[in-house]
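Engineer: My questions all concern the structure below.
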Amino acid sequence: MKKTLLLLILIPLLVNAQSRKKKYKAELANNAAITANLKAHIQYLADDKLEGRRTGTAGEVLAMQYISHQYELMGIPPAGSTGYVQEFDIDEGKQPVEANTYIIVNNQMAELNRDYYPLAYSGTGTAAGNPSVALNESGQPWFRDVREVLEENQNNPHFDIMESIRNSVVKAAKKGATAFLVYNSSNITDNILYDKHDKSATASIPVFYITKEGFKKYFSDVSATISLKTGVAFIQKIRKARNVIAFIDNKAANTVILGAHYDHLGYGEDKNALDTGHVIHNGADDNASGTAGLIELARMLKKSAPVSNNYLILHFSGEELGLLGSKYWLEHPTLSVNPNYMINMDMVGRYDSARKLTIGGYGTSPAWGDLFKTVTDNRLAIKFDSAGTGPSDHEAFYRKSIPVLFFFTGSHPDYHKATDDWDKINYDSEREILQYIYQLIKDLDTKGKLAFLKTREEQAGRGSRYTVSLGIMPDYGFTGTGVRADGIVPGKLAERTGLQAGDIIVQLGEYKFVDVMSYMQTLGKFKKGDKTSLVIKRNNKEITYNIEF
């Protein structure tokens, strides 16, 4: 009787132990599979053959095909405009054709963009002759030093050097000039810039700006007669970019949006790398890690998705150029959904307990506070950031009043450098982050549609080379002259000055700018405490403010 009783007690204990052991083995196998998948995805996406996944390149297409194939294999239906893909254009404006744009002086080839550049309204074609810089003759290229006109108008706020040059070009062409070369021998800032979105009438002859370096190198002996050959050709450059979109449809009222960008820097052609040289930037952490994470999170949801929400899976391109893919989808949605909240993963592959896992967007919904009290993960050191804005695609959704969470394991010395490679990824920790996000999604499933809260805002950027800022969010997709403010950071200089979203900033002090790049270069000329003027356009009206950084 005692033996029978003992067996009756021991058998359930043994069954439970075996069940726990089986469950533990299954969990280990599942973890190993997720980790292996993450590694396989990142190794492919960050391979040299994809050449850095620059937006609009063959490498981006290979990445797009790989991502689409993963969802096809999983059986998650497409939700793009054509299958899984949503194609969109990036207008890069009018660009010189390097092979047909040249200045040759005494058989020496000057360097485009270093020694000279054509002005955007330049006529096309070739010109040749034996001019003297000091003497303008019919049938020859002409030179113009803008020193005198700059000195005369130094205190004239209405003087426009570009208009002055245009007028001179028209007069020179009428007098027989075959080309027009502008230079500045003064120390006065001339604001002669290449405006890729210039829509003005084309000049009848080629027009070039000679930099100070180019003038010193090739034209400093103004009395000498030189052999000069020039050519100009332009192309209207449109880059094709591609978002990748899949959809888990639970026939629910609300949809959770899960996002990550998959584009990177290529060879650094867009001047957004932090190292030098024409080298492949594989972007293993930025953002093959988020891309791989999104694929595996979708796999978890396909296997066992909480059913009170649908799940829209968005892989964005054009993020490195300014959130272009996420903004495009929001403006041209491929699917009509009622967004509940958005989770974005960007650089989630380099976790360590010192840097921690940062979760941004904590303040964008009152639901987040209660959620993070109940959903914990002892494997991860986490810090929270309330801001809904930030240097990634979730900002575009925050600006549409959608609650967001941004998962980010921190910047590092390989950020935007060619050294961001797959062997530096912490794959086990990335898997733990994905499991944590999955648990968050499960716990939110019964909460219904989350309320939205507006938060403090921060300027995008994971590191800044500038000591001052205005406090605007630039619209990188703007195709006019100047910099359009997509948003204004509360409490910063722009808000205190009275700037509004939609304002177009065209000048700081004596420096005009035509795009975001020239605006950033201008910021680098100022330091904290400097006083200057700020010129904006609002509803086609020009407004000038006096500001202090």
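Naming scheme: A, B, ... for chains in displayed order of the structure tokens; residues 1 onward per chain; ligands 1 onward as shown.
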Excluding same-chain residues fewer than 2 positions from A:Lys327, what lies within 9 Å of it counting only C-alpha atoms, as a PyMOL selection string?

Structural biologist: chain A and resi 323-325+329-332+393+396-397+477

Engineer: Give the helix (DSSP H, G or I) residues of stretch 18-119 of chain A, as assigned by DSSP on the backbone, as a ChimeraX atom specification.

Structural biologist: /A:18-45,48-53,58-74,98-100

Engineer: For atom CA of A:Glu395 and atom CA of A:Ser326, determine how far apart the two atoms are, in Å to one decimal place.

Structural biologist: 9.1 Å

Engineer: Between A:Ala241, A:Ala485, A:Ala127, A:Leu321, single out the one closest to A:Leu265, counting only C-alpha atoms.

Structural biologist: A:Leu321

Engineer: From the DSSP assignment of the backbone, select every residue of stretch 266-404 of chain A that is strand (DSSP E or B), and format the answer as a list in words.

Structural biologist: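 Taking stretch 266-404 of chain A and keeping strand (DSSP E or B) only, one gets Gly266, His281, Asn309, Asn310, Tyr311, Leu312, Ile313, Leu314, His315, Phe316, Pro339, Asn340, Tyr341, Met342, Ile343, Asn344, Met345, Leu357, Thr358, Ile359, Gly360, Ile382, Lys383, Phe384, Asp385 and Val404 of chain A.
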
Engineer: May I have the residues from that selection written out with C-alpha atoms, as an mmCIF file, in the first residue's frame?

Structural biologist:
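Result saved to again_12.cif:
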data_model
loop_
_atom_site.group_PDB
_atom_site.id
_atom_site.type_symbol
_atom_site.label_atom_id
_atom_site.label_comp_id
_atom_site.auth_asym_id
_atom_site.auth_seq_id
_atom_site.Cartn_x
_atom_site.Cartn_y
_atom_site.Cartn_z
ATOM 1 C CA GLY A 266 26.289 52.531 -50.376
ATOM 2 C CA HIS A 281 29.210 50.733 -46.048
ATOM 3 C CA ASN A 309 -5.185 43.820 -34.103
ATOM 4 C CA ASN A 310 -3.978 43.439 -37.664
ATOM 5 C CA TYR A 311 -0.236 43.804 -38.333
ATOM 6 C CA LEU A 312 1.143 45.956 -41.135
ATOM 7 C CA ILE A 313 4.822 45.214 -41.762
ATOM 8 C CA LEU A 314 6.709 48.102 -43.392
ATOM 9 C CA HIS A 315 10.323 47.976 -44.571
ATOM 10 C CA PHE A 316 11.273 51.510 -45.602
ATOM 11 C CA PRO A 339 -3.488 52.730 -37.111
ATOM 12 C CA ASN A 340 -3.339 51.756 -33.452
ATOM 13 C CA TYR A 341 0.345 52.310 -32.677
ATOM 14 C CA MET A 342 3.693 52.013 -34.443
ATOM 15 C CA ILE A 343 6.846 50.161 -33.356
ATOM 16 C CA ASN A 344 10.105 51.011 -35.114
ATOM 17 C CA MET A 345 13.407 49.128 -34.875
ATOM 18 C CA LEU A 357 18.365 49.329 -24.807
ATOM 19 C CA THR A 358 16.686 52.685 -25.340
ATOM 20 C CA ILE A 359 12.929 52.707 -25.880
ATOM 21 C CA GLY A 360 11.826 56.036 -27.303
ATOM 22 C CA ILE A 382 16.395 49.414 -20.454
ATOM 23 C CA LYS A 383 16.190 53.187 -20.398
ATOM 24 C CA PHE A 384 13.180 55.161 -21.586
ATOM 25 C CA ASP A 385 12.937 58.344 -23.625
ATOM 26 C CA VAL A 404 5.085 55.204 -31.303
#

Engineer: Residues within 10 Å of A:Thr479, please, as a PyMOL selection string. Count only C-alpha atoms; anything in the same chain fewer than 6 positions from it doesn't count.

Structural biologist: chain A and resi 90-93+196-198+514-515

Engineer: Using only C-alpha atoms, determine which residues lie at most 6 Å from stretch 419-427 of chain A, disregarding the query and same-chain residues fewer than 4 positions distant; provide the list as a list of chain:residue names.

Structural biologist: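 With the cut-off at 6 Å, the set is A:Thr35, A:Gln43, A:Gly283, A:Ala284, A:Gly349, A:Arg350, A:Asp414.
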
Engineer: One decimal, in Å: what's the spacing between atom CA of A:Asp145 and atom CA of A:Ser186?

Structural biologist: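 Result for atom CA of A:Asp145 versus atom CA of A:Ser186: 8.8 Å, one decimal.
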
Engineer: Considering only C-alpha atoms, can you say which of A:Lys174, A:Gly123, A:Val146, A:Gly390 comes closest to A:Asn191?

Structural biologist: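 Closest to A:Asn191, using only C-alpha atoms: A:Val146.
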
Engineer: Would you mind listing what lies within 9 Å of stretch 94-96 of chain A as a list in words, with only C-alpha atoms counted and same-chain residues fewer than 4 positions away left out?

Structural biologist: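 Near stretch 94-96 of chain A, the qualifying residues are Asn100, Thr101, Tyr117, Pro118, Ala120, Asp195, Lys196, His197, Asp198, Val232, Ala233, Phe234, Ile235, Gln236 and Lys237 of chain A.
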
Engineer: How about saving the chosen residues, C-alpha atoms kept, as a PDB file, in the first residue's frame?

Structural biologist:
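So result_34.pdb came out as:
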ATOM      1  CA  ASN A 100      30.186  65.945 -70.629  1.00  0.00           C
ATOM      2  CA  THR A 101      30.845  68.742 -68.115  1.00  0.00           C
ATOM      3  CA  TYR A 117      30.834  74.005 -61.177  1.00  0.00           C
ATOM      4  CA  PRO A 118      28.268  75.081 -63.760  1.00  0.00           C
ATOM      5  CA  ALA A 120      22.069  75.389 -62.769  1.00  0.00           C
ATOM      6  CA  ASP A 195      20.615  75.082 -57.058  1.00  0.00           C
ATOM      7  CA  LYS A 196      19.578  71.654 -58.310  1.00  0.00           C
ATOM      8  CA  HIS A 197      15.901  72.649 -58.231  1.00  0.00           C
ATOM      9  CA  ASP A 198      16.375  75.867 -60.214  1.00  0.00           C
ATOM     10  CA  VAL A 232      28.153  71.413 -70.007  1.00  0.00           C
ATOM     11  CA  ALA A 233      25.412  68.800 -69.992  1.00  0.00           C
ATOM     12  CA  PHE A 234      22.677  68.145 -67.437  1.00  0.00           C
ATOM     13  CA  ILE A 235      20.344  65.335 -66.530  1.00  0.00           C
ATOM     14  CA  GLN A 236      17.170  65.516 -64.450  1.00  0.00           C
ATOM     15  CA  LYS A 237      18.000  62.797 -61.954  1.00  0.00           C
TER      16      LYS A 237
END

Engineer: Which residue, A:Lys527, A:Ser308, A:Ile188, A:Ser289, has the smallest gap to A:Ser429 when you use only C-alpha atoms?

Structural biologist: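 Looking only at the distances to A:Ser429, the closest residue turns out to be A:Ser289.
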
Engineer: Give me the residues near A:Glu269 as a list in words, where near means some atom within 12 Å (using only C-alpha atoms) and where sequence neighbours in that chain fewer than 2 positions away do not count.

Structural biologist: Glu51, Gly52, Arg53, Arg54, Thr55, Gly56, Thr57, His264, Leu265, Gly266, Tyr267, Lys271, Asn272, Ala273, Leu274, Asp275, Thr276, Gly277, His278, Val279, Ile280, His281, Glu320 and Leu321 of chain A

Engineer: Can you write out the residues you just picked, keeping N, CA, C and O atoms, as a compact mmCIF listing (two decimals), in the first residue's frame?

Structural biologist:
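As written to disk, selection-v1.txt reads:
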# COMPACT_ATOMS: atom_id res chain seq x y z
N GLU A 51 26.49 46.04 -51.89
CA GLU A 51 27.15 47.35 -52.05
C GLU A 51 26.54 48.45 -51.18
O GLU A 51 26.42 49.60 -51.59
N GLY A 52 26.16 48.08 -49.97
CA GLY A 52 25.71 49.08 -49.00
C GLY A 52 24.26 49.50 -49.11
O GLY A 52 23.83 50.44 -48.44
N ARG A 53 23.47 48.82 -49.97
CA ARG A 53 22.00 49.04 -50.03
C ARG A 53 21.62 50.50 -50.17
O ARG A 53 20.61 50.96 -49.61
N ARG A 54 22.39 51.26 -50.92
CA ARG A 54 22.05 52.67 -51.14
C ARG A 54 20.71 52.76 -51.87
O ARG A 54 20.43 52.02 -52.79
N THR A 55 19.87 53.69 -51.45
CA THR A 55 18.55 53.88 -52.04
C THR A 55 18.66 54.04 -53.56
O THR A 55 19.43 54.84 -54.05
N GLY A 56 17.85 53.25 -54.27
CA GLY A 56 17.78 53.39 -55.72
C GLY A 56 18.85 52.66 -56.48
O GLY A 56 19.01 52.90 -57.68
N THR A 57 19.58 51.76 -55.84
CA THR A 57 20.65 51.04 -56.52
C THR A 57 20.30 49.56 -56.68
O THR A 57 19.30 49.07 -56.12
N HIS A 264 20.86 51.80 -46.76
CA HIS A 264 22.05 52.31 -46.06
C HIS A 264 22.81 53.25 -47.00
O HIS A 264 22.21 53.88 -47.86
N LEU A 265 24.11 53.38 -46.85
CA LEU A 265 24.87 54.48 -47.45
C LEU A 265 25.60 54.14 -48.74
O LEU A 265 26.23 55.03 -49.32
N GLY A 266 25.54 52.88 -49.17
CA GLY A 266 26.29 52.53 -50.38
C GLY A 266 27.77 52.77 -50.21
O GLY A 266 28.40 52.34 -49.23
N TYR A 267 28.35 53.50 -51.13
CA TYR A 267 29.77 53.86 -51.07
C TYR A 267 29.96 55.25 -50.45
O TYR A 267 31.05 55.81 -50.53
N LYS A 271 27.11 61.66 -49.28
CA LYS A 271 27.85 62.50 -48.32
C LYS A 271 27.31 62.40 -46.90
O LYS A 271 27.38 63.34 -46.11
N ASN A 272 26.74 61.23 -46.54
CA ASN A 272 26.23 61.06 -45.18
C ASN A 272 27.03 60.05 -44.37
O ASN A 272 26.62 59.65 -43.29
N ALA A 273 28.20 59.65 -44.90
CA ALA A 273 29.09 58.77 -44.14
C ALA A 273 29.99 59.59 -43.22
O ALA A 273 30.22 60.79 -43.46
N LEU A 274 30.47 58.96 -42.17
CA LEU A 274 31.35 59.65 -41.21
C LEU A 274 32.81 59.24 -41.38
O LEU A 274 33.65 59.60 -40.56
N ASP A 275 33.09 58.50 -42.45
CA ASP A 275 34.48 58.20 -42.79
C ASP A 275 34.72 58.66 -44.23
O ASP A 275 33.82 59.19 -44.88
N THR A 276 35.92 58.47 -44.72
CA THR A 276 36.25 58.95 -46.06
C THR A 276 36.61 57.78 -46.97
O THR A 276 36.88 56.67 -46.51
N GLY A 277 36.60 58.06 -48.25
CA GLY A 277 36.98 57.04 -49.21
C GLY A 277 35.77 56.37 -49.84
O GLY A 277 34.69 56.29 -49.26
N HIS A 278 35.95 55.91 -51.07
CA HIS A 278 34.89 55.24 -51.82
C HIS A 278 34.88 53.77 -51.43
O HIS A 278 35.38 52.89 -52.13
N VAL A 279 34.29 53.49 -50.26
CA VAL A 279 34.27 52.14 -49.72
C VAL A 279 32.83 51.73 -49.40
O VAL A 279 31.97 52.56 -49.15
N ILE A 280 32.59 50.41 -49.42
CA ILE A 280 31.25 49.90 -49.15
C ILE A 280 30.92 50.07 -47.67
O ILE A 280 31.68 49.68 -46.80
N HIS A 281 29.74 50.62 -47.41
CA HIS A 281 29.21 50.73 -46.05
C HIS A 281 28.10 49.70 -45.91
O HIS A 281 26.99 49.92 -46.40
N GLU A 320 17.82 56.99 -44.88
CA GLU A 320 19.11 57.67 -44.75
C GLU A 320 19.12 59.01 -45.49
O GLU A 320 20.00 59.83 -45.27
N LEU A 321 18.15 59.23 -46.35
CA LEU A 321 18.03 60.50 -47.07
C LEU A 321 17.02 61.43 -46.41
O LEU A 321 16.78 62.53 -46.91

Engineer: Taking only C-alpha atoms into account, name the residue in A:Arg114, A:His394, A:Arg355, A:Arg538 that is nearest to A:Ala260.

Structural biologist: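 The shortest atom-to-atom distance to A:Ala260 comes from A:His394.
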
Engineer: Using only C-alpha atoms, which of A:Lys531, A:Lys417, A:Arg399, A:Lys525 sits nearest A:Ile488?

Structural biologist: A:Arg399

Engineer: For A:Ser204, which of A:Lys216, A:Arg166, A:Arg239, A:His416 is the closest residue, counting only C-alpha atoms?

Structural biologist: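 The answer is A:Arg166, which sits nearest to A:Ser204.
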
Engineer: If you count only C-alpha atoms, which residues fall within 9 Å of stretch 443-449 of chain A, apart from same-chain ones fewer than 2 positions away, as a ChimeraX atom specification?

Structural biologist: /A:253-254,306-309,339-341,367,371,374-375,438-441,451

Engineer: How would the residues just picked look written out with all heavy atoms as a tab-separated table (two decimals), in the first residue's frame?

Structural biologist:
chain	number	residue	atom	x	y	z
A	253	ALA	N	-10.44	45.75	-36.11
A	253	ALA	CA	-10.73	47.16	-36.39
A	253	ALA	C	-9.47	48.00	-36.48
A	253	ALA	O	-9.42	48.97	-37.25
A	253	ALA	CB	-11.64	47.71	-35.29
A	254	ASN	N	-8.46	47.64	-35.71
A	254	ASN	CA	-7.23	48.44	-35.63
A	254	ASN	C	-6.03	47.67	-36.15
A	254	ASN	O	-6.01	46.43	-36.12
A	254	ASN	CB	-6.97	48.88	-34.19
A	254	ASN	CG	-8.10	49.72	-33.63
A	254	ASN	OD1	-8.62	50.61	-34.31
A	254	ASN	ND2	-8.50	49.44	-32.39
A	306	PRO	N	-1.55	37.64	-31.62
A	306	PRO	CA	-2.72	38.12	-30.90
A	306	PRO	C	-3.73	38.68	-31.90
A	306	PRO	O	-3.34	39.41	-32.83
A	306	PRO	CB	-2.13	39.23	-30.01
A	306	PRO	CG	-0.67	38.92	-29.91
A	306	PRO	CD	-0.30	38.30	-31.21
A	307	VAL	N	-5.00	38.34	-31.75
A	307	VAL	CA	-5.94	38.52	-32.86
A	307	VAL	C	-6.77	39.81	-32.81
A	307	VAL	O	-7.57	40.07	-33.70
A	307	VAL	CB	-6.91	37.31	-32.93
A	307	VAL	CG1	-6.16	36.04	-33.26
A	307	VAL	CG2	-7.70	37.16	-31.62
A	308	SER	N	-6.59	40.64	-31.79
A	308	SER	CA	-7.42	41.84	-31.69
A	308	SER	C	-6.90	43.00	-32.52
A	308	SER	O	-7.49	44.08	-32.56
A	308	SER	CB	-7.55	42.28	-30.23
A	308	SER	OG	-8.23	41.29	-29.49
A	309	ASN	N	-5.73	42.83	-33.18
A	309	ASN	CA	-5.18	43.82	-34.10
A	309	ASN	C	-4.72	43.13	-35.37
A	309	ASN	O	-4.40	41.93	-35.37
A	309	ASN	CB	-3.98	44.54	-33.49
A	309	ASN	CG	-4.36	45.52	-32.40
A	309	ASN	OD1	-4.81	46.62	-32.67
A	309	ASN	ND2	-4.18	45.11	-31.14
A	339	PRO	N	-4.70	53.02	-37.90
A	339	PRO	CA	-3.49	52.73	-37.11
A	339	PRO	C	-3.75	52.77	-35.61
A	339	PRO	O	-4.40	53.69	-35.11
A	339	PRO	CB	-2.52	53.85	-37.52
A	339	PRO	CG	-3.08	54.40	-38.80
A	339	PRO	CD	-4.55	54.24	-38.69
A	340	ASN	N	-3.25	51.78	-34.90
A	340	ASN	CA	-3.34	51.76	-33.45
A	340	ASN	C	-2.08	52.38	-32.85
A	340	ASN	O	-2.14	53.42	-32.21
A	340	ASN	CB	-3.53	50.33	-32.95
A	340	ASN	CG	-3.92	50.27	-31.49
A	340	ASN	OD1	-3.81	51.26	-30.78
A	340	ASN	ND2	-4.38	49.12	-31.04
A	341	TYR	N	-0.95	51.75	-33.11
A	341	TYR	CA	0.35	52.31	-32.68
A	341	TYR	C	1.41	51.80	-33.63
A	341	TYR	O	1.17	50.90	-34.44
A	341	TYR	CB	0.66	51.93	-31.23
A	341	TYR	CG	0.72	50.45	-30.94
A	341	TYR	CD1	1.91	49.73	-31.09
A	341	TYR	CD2	-0.41	49.75	-30.51
A	341	TYR	CE1	1.97	48.37	-30.83
A	341	TYR	CE2	-0.37	48.39	-30.25
A	341	TYR	CZ	0.82	47.70	-30.41
A	341	TYR	OH	0.88	46.35	-30.16
A	367	ALA	N	-0.85	54.73	-22.35
A	367	ALA	CA	-0.82	53.27	-22.20
A	367	ALA	C	0.58	52.75	-21.93
A	367	ALA	O	0.74	51.70	-21.28
A	367	ALA	CB	-1.37	52.61	-23.47
A	371	LEU	N	1.94	49.72	-19.25
A	371	LEU	CA	2.45	48.53	-19.93
A	371	LEU	C	3.83	48.15	-19.41
A	371	LEU	O	4.09	46.99	-19.08
A	371	LEU	CB	2.51	48.78	-21.44
A	371	LEU	CG	3.13	47.66	-22.27
A	371	LEU	CD1	2.20	46.46	-22.33
A	371	LEU	CD2	3.46	48.14	-23.68
A	374	THR	N	4.27	46.29	-16.16
A	374	THR	CA	3.91	44.87	-16.07
A	374	THR	C	4.77	43.98	-16.95
A	374	THR	O	5.00	42.82	-16.63
A	374	THR	CB	2.43	44.67	-16.48
A	374	THR	OG1	2.23	45.20	-17.80
A	374	THR	CG2	1.51	45.41	-15.52
A	375	VAL	N	5.24	44.51	-18.08
A	375	VAL	CA	6.07	43.71	-18.99
A	375	VAL	C	7.53	44.04	-18.74
A	375	VAL	O	8.00	45.13	-19.04
A	375	VAL	CB	5.72	43.98	-20.47
A	375	VAL	CG1	6.58	43.10	-21.38
A	375	VAL	CG2	4.24	43.71	-20.71
A	438	TYR	N	7.61	41.21	-28.77
A	438	TYR	CA	6.47	40.31	-29.00
A	438	TYR	C	5.58	40.25	-27.75
A	438	TYR	O	4.35	40.27	-27.86
A	438	TYR	CB	6.98	38.92	-29.37
A	438	TYR	CG	5.89	37.91	-29.57
A	438	TYR	CD1	5.10	37.93	-30.72
A	438	TYR	CD2	5.63	36.93	-28.61
A	438	TYR	CE1	4.09	37.00	-30.91
A	438	TYR	CE2	4.62	35.99	-28.80
A	438	TYR	CZ	3.85	36.04	-29.95
A	438	TYR	OH	2.84	35.12	-30.14
A	439	GLN	N	6.19	40.19	-26.58
A	439	GLN	CA	5.42	40.16	-25.34
A	439	GLN	C	4.64	41.45	-25.14
A	439	GLN	O	3.49	41.43	-24.68
A	439	GLN	CB	6.35	39.90	-24.15
A	439	GLN	CG	5.62	39.63	-22.84
A	439	GLN	CD	4.70	38.41	-22.91
A	439	GLN	OE1	5.09	37.35	-23.40
A	439	GLN	NE2	3.47	38.57	-22.44
A	440	LEU	N	5.27	42.58	-25.50
A	440	LEU	CA	4.56	43.87	-25.41
A	440	LEU	C	3.32	43.85	-26.30
A	440	LEU	O	2.24	44.29	-25.89
A	440	LEU	CB	5.49	45.01	-25.85
A	440	LEU	CG	6.67	45.36	-24.96
A	440	LEU	CD1	7.55	46.41	-25.63
A	440	LEU	CD2	6.21	45.88	-23.60
A	441	ILE	N	3.48	43.35	-27.52
A	441	ILE	CA	2.36	43.30	-28.46
A	441	ILE	C	1.24	42.41	-27.90
A	441	ILE	O	0.06	42.76	-27.99
A	441	ILE	CB	2.84	42.78	-29.84
A	441	ILE	CG1	3.77	43.82	-30.49
A	441	ILE	CG2	1.67	42.47	-30.76
A	441	ILE	CD1	4.48	43.32	-31.73
A	451	ALA	N	-4.63	55.77	-26.83
A	451	ALA	CA	-4.71	57.24	-26.92
A	451	ALA	C	-3.34	57.81	-27.27
A	451	ALA	O	-2.30	57.24	-26.93
A	451	ALA	CB	-5.19	57.80	-25.58
